[in-house]
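K.L.:
Have a look at this one before I ask anything.
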Amino acid sequence: MKRQLTFIGAIFFLISCSSTQPLSKNVKQQLKDNDTFVVNEISTDKSYGLSPKNPVEVGGAKDSEGPLNERRYLNALTGPNGEKIYYYRQGSCCPVKSENGLMGTAMLDNYRVTWANSKDTVSIYINMYDSGLLKAPFGFGIKK
């Protein structure tokens, strides 16, 4: 009997201490204009957007604006010295957990990005199912 009460007490404690915040942040993105999001800072995290483990979260899939939001985000970026960037969608990759995805899973989109005098093309990983605070990836700039 004492073990059962201890077990029930432990379960009650775990439930009462669990987070009440949803898994996805669902941040409302701000538009600079119809084709561009507002991005106010450059990430100091060198993996942000550049790793499938830390994608940019633009949201919009549930409103049928996911691909548009991906372009709105990319349109806010510049090269490291303010250069105009050029990008194309490489394809989908990398399943991630998402309460907004199909059966709890979402696929990221991989965009290849370059600019004049760039030595290489950079991959940016974007999640259109969840929406978080937008930043420019480390090594990129932000359009004024």
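By convention in this document, the chains of the structure tokens carry letters A, B, ... by their order, each chain's residues are numbered from 1, and ligands are numbered from 1 in the order they are shown.
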Among chain A, which ones does DSSP assign to alpha helix (DSSP H) (computed from the backbone)? Answer as a list in words.
P.N.:
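After running DSSP on the backbone, chain A has alpha helix (DSSP H) at Lys2, Arg3, Gln4, Leu5, Thr6, Phe7, Ile8, Gly9, Ala10, Ile11, Phe12, Phe13, Leu14, Ile15, Ser16, Cys17, Gly66, Pro67, Leu68, Asn69, Glu70, Arg71, Arg72, Tyr73 and Leu74 of chain A.
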K.L.:
How about saving the chosen residues, C-alpha atoms kept, as a short mmCIF file (atom, residue, chain, number, x, y, z; two decimals), in the first residue's frame?
P.N.:
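Output (again-v1.cif):
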data_model
loop_
_atom_site.label_atom_id
_atom_site.label_comp_id
_atom_site.auth_asym_id
_atom_site.auth_seq_id
_atom_site.Cartn_x
_atom_site.Cartn_y
_atom_site.Cartn_z
CA LYS A 2 2.81 2.39 0.90
CA ARG A 3 4.50 1.70 -2.49
CA GLN A 4 1.27 2.45 -4.34
CA LEU A 5 0.85 5.76 -2.54
CA THR A 6 4.47 6.66 -3.27
CA PHE A 7 3.97 5.78 -6.96
CA ILE A 8 0.75 7.81 -7.18
CA GLY A 9 2.47 10.72 -5.41
CA ALA A 10 5.38 10.58 -7.87
CA ILE A 11 3.00 10.57 -10.87
CA PHE A 12 1.07 13.53 -9.42
CA PHE A 13 4.35 15.42 -8.87
CA LEU A 14 5.54 14.80 -12.44
CA ILE A 15 2.23 15.88 -13.93
CA SER A 16 2.01 19.01 -11.81
CA CYS A 17 5.57 20.04 -12.75
CA GLY A 66 4.57 27.99 -46.12
CA PRO A 67 6.56 28.34 -49.37
CA LEU A 68 5.69 32.05 -49.54
CA ASN A 69 6.95 32.51 -45.97
CA GLU A 70 10.19 30.73 -46.86
CA ARG A 71 10.74 33.23 -49.69
CA ARG A 72 9.71 36.15 -47.45
CA TYR A 73 12.42 35.09 -45.02
CA LEU A 74 15.11 34.64 -47.66
#
K.L.:
List the spatial neighbours of region 115-127 of chain A as a PyMOL selection string - criterion: any atom at most 6 Å away, only C-alpha atoms, same-chain residues fewer than 5 positions off excluded.
P.N.:
chain A and resi 49-50+52+55-57+85-86+108-110
K.L.:
Create the file for the chosen residues now, containing N, CA and C atoms and written as a PDB file, in the first residue's frame.
P.N.:
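Done, and the output landed in result35.pdb:
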ATOM      1  N   GLY A  49      19.864  27.876 -38.728  1.00  0.00           N
ATOM      2  CA  GLY A  49      19.528  27.915 -40.148  1.00  0.00           C
ATOM      3  C   GLY A  49      20.481  27.153 -41.040  1.00  0.00           C
ATOM      4  N   LEU A  50      21.679  26.886 -40.545  1.00  0.00           N
ATOM      5  CA  LEU A  50      22.701  26.232 -41.362  1.00  0.00           C
ATOM      6  C   LEU A  50      22.813  24.740 -41.064  1.00  0.00           C
ATOM      7  N   PRO A  52      20.263  21.186 -40.181  1.00  0.00           N
ATOM      8  CA  PRO A  52      18.893  20.677 -40.073  1.00  0.00           C
ATOM      9  C   PRO A  52      18.463  20.475 -38.615  1.00  0.00           C
ATOM     10  N   PRO A  55      16.784  24.536 -37.584  1.00  0.00           N
ATOM     11  CA  PRO A  55      16.268  25.244 -38.756  1.00  0.00           C
ATOM     12  C   PRO A  55      15.619  26.582 -38.409  1.00  0.00           C
ATOM     13  N   VAL A  56      15.485  27.415 -39.413  1.00  0.00           N
ATOM     14  CA  VAL A  56      14.717  28.654 -39.310  1.00  0.00           C
ATOM     15  C   VAL A  56      13.245  28.251 -39.340  1.00  0.00           C
ATOM     16  N   GLU A  57      12.452  28.791 -38.420  1.00  0.00           N
ATOM     17  CA  GLU A  57      11.028  28.449 -38.334  1.00  0.00           C
ATOM     18  C   GLU A  57      10.193  29.622 -38.826  1.00  0.00           C
ATOM     19  N   ILE A  85      21.399  38.433 -52.434  1.00  0.00           N
ATOM     20  CA  ILE A  85      21.562  36.976 -52.480  1.00  0.00           C
ATOM     21  C   ILE A  85      20.693  36.387 -53.582  1.00  0.00           C
ATOM     22  N   TYR A  86      21.081  35.212 -54.017  1.00  0.00           N
ATOM     23  CA  TYR A  86      20.336  34.420 -54.987  1.00  0.00           C
ATOM     24  C   TYR A  86      20.111  33.063 -54.358  1.00  0.00           C
ATOM     25  N   LEU A 108      11.806  19.496 -43.516  1.00  0.00           N
ATOM     26  CA  LEU A 108      12.429  20.799 -43.749  1.00  0.00           C
ATOM     27  C   LEU A 108      12.622  21.015 -45.237  1.00  0.00           C
ATOM     28  N   ASP A 109      12.737  22.269 -45.644  1.00  0.00           N
ATOM     29  CA  ASP A 109      13.139  22.600 -47.007  1.00  0.00           C
ATOM     30  C   ASP A 109      14.575  23.101 -46.962  1.00  0.00           C
ATOM     31  N   ASN A 110      15.358  22.674 -47.939  1.00  0.00           N
ATOM     32  CA  ASN A 110      16.755  23.068 -48.048  1.00  0.00           C
ATOM     33  C   ASN A 110      16.879  24.042 -49.211  1.00  0.00           C
TER      34      ASN A 110
END
K.L.:
Leaving out region 133-142 of chain A and any residue of its chain fewer than 2 positions from it, which residues lie within 7 Å of it when counting only C-alpha atoms, given as a list in words?
P.N.:
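What passes the distance filter is Val27, Val39, Asn40, Glu41, Ile42, Ser43, Thr44, Asp45, Lys46, Tyr48, Gly49, Leu50, Val56, Ala76, Leu77, Thr78, Gly79, Pro80, Asn81, Gly82 and Lys144 of chain A.
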K.L.:
Quick one: pull the distance between CA of Glu99 (chain A) and CA of Thr36 (chain A), Å, one decimal.
P.N.:
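Taking CA of Glu99 (chain A) and CA of Thr36 (chain A), their separation equals 25.9 Å.
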K.L.:
So which residues touch region 94-97 of chain A within 6 Å, counting only C-alpha atoms, skipping near sequence neighbours fewer than 6 positions away, as an mmCIF file with N, CA and C atoms, in the first residue's frame?
P.N.:
data_model
loop_
_atom_site.group_PDB
_atom_site.id
_atom_site.type_symbol
_atom_site.label_atom_id
_atom_site.label_comp_id
_atom_site.auth_asym_id
_atom_site.auth_seq_id
_atom_site.Cartn_x
_atom_site.Cartn_y
_atom_site.Cartn_z
ATOM 1 N N GLY A 104 2.683 14.423 -36.472
ATOM 2 C CA GLY A 104 3.745 14.835 -35.565
ATOM 3 C C GLY A 104 5.109 14.991 -36.189
ATOM 4 N N THR A 105 5.175 14.923 -37.520
ATOM 5 C CA THR A 105 6.458 15.050 -38.219
ATOM 6 C C THR A 105 6.340 16.052 -39.366
ATOM 7 N N ALA A 106 7.367 16.847 -39.544
ATOM 8 C CA ALA A 106 7.440 17.807 -40.643
ATOM 9 C C ALA A 106 8.754 17.596 -41.387
ATOM 10 N N MET A 107 8.762 17.962 -42.645
ATOM 11 C CA MET A 107 9.989 17.918 -43.447
ATOM 12 C C MET A 107 10.511 19.350 -43.608
ATOM 13 N N LEU A 108 11.806 19.496 -43.516
ATOM 14 C CA LEU A 108 12.429 20.799 -43.749
ATOM 15 C C LEU A 108 12.622 21.015 -45.237
#
K.L.:
Tell me which of A:Val58, A:Lys84, A:Asn75, A:Asp130 sits closest to Lys32 (chain A), counting only C-alpha atoms.
P.N.:
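Looking only at the distances to Lys32 (chain A), the closest residue turns out to be A:Asn75.
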K.L.:
Using only C-alpha atoms, which of the listed residues (A:Asp35, A:Lys62, A:Gln30, A:Tyr129) sits closest to Ser98 (chain A)?
P.N.:
A:Tyr129
K.L.:
Find the distance between CA of Ser64 (chain A) and CA of Met128 (chain A) and write it in Å to one decimal.
P.N.:
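These atoms are spaced 9.8 Å apart.
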K.L.:
Residues of region 9-143 of chain A in strand (DSSP E) according to DSSP, as number ranges by chain?
P.N.:
A: 31-33, 36-37, 56-57, 77-78, 85-102, 105-115, 122-127, 141-142
K.L.:
Those same residues, written as a short mmCIF file (atom, residue, chain, number, x, y, z; two decimals), in the first residue's frame with N, CA and C atoms?
P.N.:
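Final file, selection_8.cif:
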data_model
loop_
_atom_site.label_atom_id
_atom_site.label_comp_id
_atom_site.auth_asym_id
_atom_site.auth_seq_id
_atom_site.Cartn_x
_atom_site.Cartn_y
_atom_site.Cartn_z
N LEU A 31 5.58 41.44 -41.34
CA LEU A 31 5.92 41.72 -42.73
C LEU A 31 6.54 43.10 -42.88
N LYS A 32 7.64 43.17 -43.62
CA LYS A 32 8.22 44.45 -44.02
C LYS A 32 7.43 44.98 -45.21
N ASP A 33 7.17 44.09 -46.16
CA ASP A 33 6.27 44.32 -47.28
C ASP A 33 5.70 42.96 -47.66
N THR A 36 8.52 40.27 -48.02
CA THR A 36 9.68 40.25 -47.12
C THR A 36 9.26 40.31 -45.66
N PHE A 37 9.84 39.43 -44.86
CA PHE A 37 9.64 39.49 -43.41
C PHE A 37 10.59 40.49 -42.79
N VAL A 56 15.49 27.42 -39.41
CA VAL A 56 14.72 28.65 -39.31
C VAL A 56 13.25 28.25 -39.34
N GLU A 57 12.45 28.79 -38.42
CA GLU A 57 11.03 28.45 -38.33
C GLU A 57 10.19 29.62 -38.83
N LEU A 77 17.29 38.61 -46.30
CA LEU A 77 18.72 38.39 -46.08
C LEU A 77 19.58 39.05 -47.14
N THR A 78 20.83 39.31 -46.77
CA THR A 78 21.86 39.74 -47.72
C THR A 78 23.10 38.88 -47.49
N ILE A 85 21.40 38.43 -52.43
CA ILE A 85 21.56 36.98 -52.48
C ILE A 85 20.69 36.39 -53.58
N TYR A 86 21.08 35.21 -54.02
CA TYR A 86 20.34 34.42 -54.99
C TYR A 86 20.11 33.06 -54.36
N TYR A 87 18.92 32.53 -54.51
CA TYR A 87 18.61 31.25 -53.87
C TYR A 87 17.71 30.40 -54.75
N TYR A 88 17.77 29.12 -54.50
CA TYR A 88 16.83 28.18 -55.11
C TYR A 88 16.56 27.06 -54.12
N ARG A 89 15.39 26.46 -54.27
CA ARG A 89 15.00 25.37 -53.37
C ARG A 89 15.63 24.08 -53.88
N GLN A 90 16.51 23.51 -53.07
CA GLN A 90 17.16 22.24 -53.42
C GLN A 90 16.17 21.09 -53.30
N GLY A 91 15.29 21.17 -52.30
CA GLY A 91 14.30 20.12 -52.08
C GLY A 91 14.00 19.96 -50.61
N SER A 92 13.17 18.96 -50.30
CA SER A 92 12.82 18.66 -48.91
C SER A 92 13.79 17.64 -48.35
N CYS A 93 13.98 17.72 -47.06
CA CYS A 93 14.86 16.76 -46.40
C CYS A 93 14.51 16.70 -44.92
N CYS A 94 15.14 15.89 -44.23
CA CYS A 94 15.28 15.97 -42.80
C CYS A 94 13.97 16.05 -42.00
N PRO A 95 13.40 14.92 -41.64
CA PRO A 95 12.18 14.97 -40.82
C PRO A 95 12.48 15.50 -39.42
N VAL A 96 11.58 16.34 -38.91
CA VAL A 96 11.68 16.88 -37.56
C VAL A 96 10.35 16.73 -36.85
N LYS A 97 10.38 16.67 -35.53
CA LYS A 97 9.14 16.60 -34.76
C LYS A 97 8.43 17.95 -34.83
N SER A 98 7.11 17.89 -35.08
CA SER A 98 6.32 19.11 -35.12
C SER A 98 4.87 18.77 -34.87
N GLU A 99 4.27 19.44 -33.90
CA GLU A 99 2.85 19.22 -33.66
C GLU A 99 2.00 19.77 -34.80
N ASN A 100 2.59 20.58 -35.67
CA ASN A 100 1.87 21.14 -36.81
C ASN A 100 2.07 20.31 -38.09
N GLY A 101 2.95 19.33 -38.05
CA GLY A 101 3.21 18.48 -39.21
C GLY A 101 2.26 17.30 -39.27
N LEU A 102 2.39 16.53 -40.32
CA LEU A 102 1.56 15.35 -40.52
C LEU A 102 1.97 14.27 -39.54
N THR A 105 5.18 14.92 -37.52
CA THR A 105 6.46 15.05 -38.22
C THR A 105 6.34 16.05 -39.37
N ALA A 106 7.37 16.85 -39.54
CA ALA A 106 7.44 17.81 -40.64
C ALA A 106 8.75 17.60 -41.39
N MET A 107 8.76 17.96 -42.64
CA MET A 107 9.99 17.92 -43.45
C MET A 107 10.51 19.35 -43.61
N LEU A 108 11.81 19.50 -43.52
CA LEU A 108 12.43 20.80 -43.75
C LEU A 108 12.62 21.01 -45.24
N ASP A 109 12.74 22.27 -45.64
CA ASP A 109 13.14 22.60 -47.01
C ASP A 109 14.58 23.10 -46.96
N ASN A 110 15.36 22.67 -47.94
CA ASN A 110 16.76 23.07 -48.05
C ASN A 110 16.88 24.04 -49.21
N TYR A 111 17.30 25.27 -48.91
CA TYR A 111 17.54 26.28 -49.93
C TYR A 111 19.04 26.47 -50.08
N ARG A 112 19.50 26.57 -51.32
CA ARG A 112 20.90 26.85 -51.61
C ARG A 112 21.01 28.34 -51.91
N VAL A 113 21.93 29.01 -51.23
CA VAL A 113 22.04 30.47 -51.28
C VAL A 113 23.46 30.87 -51.66
N THR A 114 23.55 31.89 -52.51
CA THR A 114 24.85 32.42 -52.90
C THR A 114 24.72 33.92 -53.16
N TRP A 115 25.81 34.61 -53.40
CA TRP A 115 25.85 36.03 -53.72
C TRP A 115 27.10 36.30 -54.54
N VAL A 122 25.65 28.17 -49.91
CA VAL A 122 25.35 27.79 -48.53
C VAL A 122 23.95 27.20 -48.46
N SER A 123 23.78 26.14 -47.68
CA SER A 123 22.46 25.57 -47.43
C SER A 123 21.82 26.24 -46.23
N ILE A 124 20.55 26.65 -46.40
CA ILE A 124 19.75 27.13 -45.28
C ILE A 124 18.56 26.19 -45.15
N TYR A 125 18.33 25.71 -43.93
CA TYR A 125 17.25 24.77 -43.65
C TYR A 125 16.09 25.52 -43.02
N ILE A 126 14.89 25.35 -43.62
CA ILE A 126 13.72 26.11 -43.19
C ILE A 126 12.56 25.18 -42.86
N ASN A 127 11.92 25.47 -41.73
CA ASN A 127 10.74 24.75 -41.26
C ASN A 127 9.53 25.66 -41.49
N GLY A 141 23.81 38.96 -43.74
CA GLY A 141 23.37 40.28 -43.33
C GLY A 141 21.86 40.37 -43.45
N ILE A 142 21.33 41.54 -43.11
CA ILE A 142 19.89 41.80 -43.16
C ILE A 142 19.64 43.01 -44.05
#
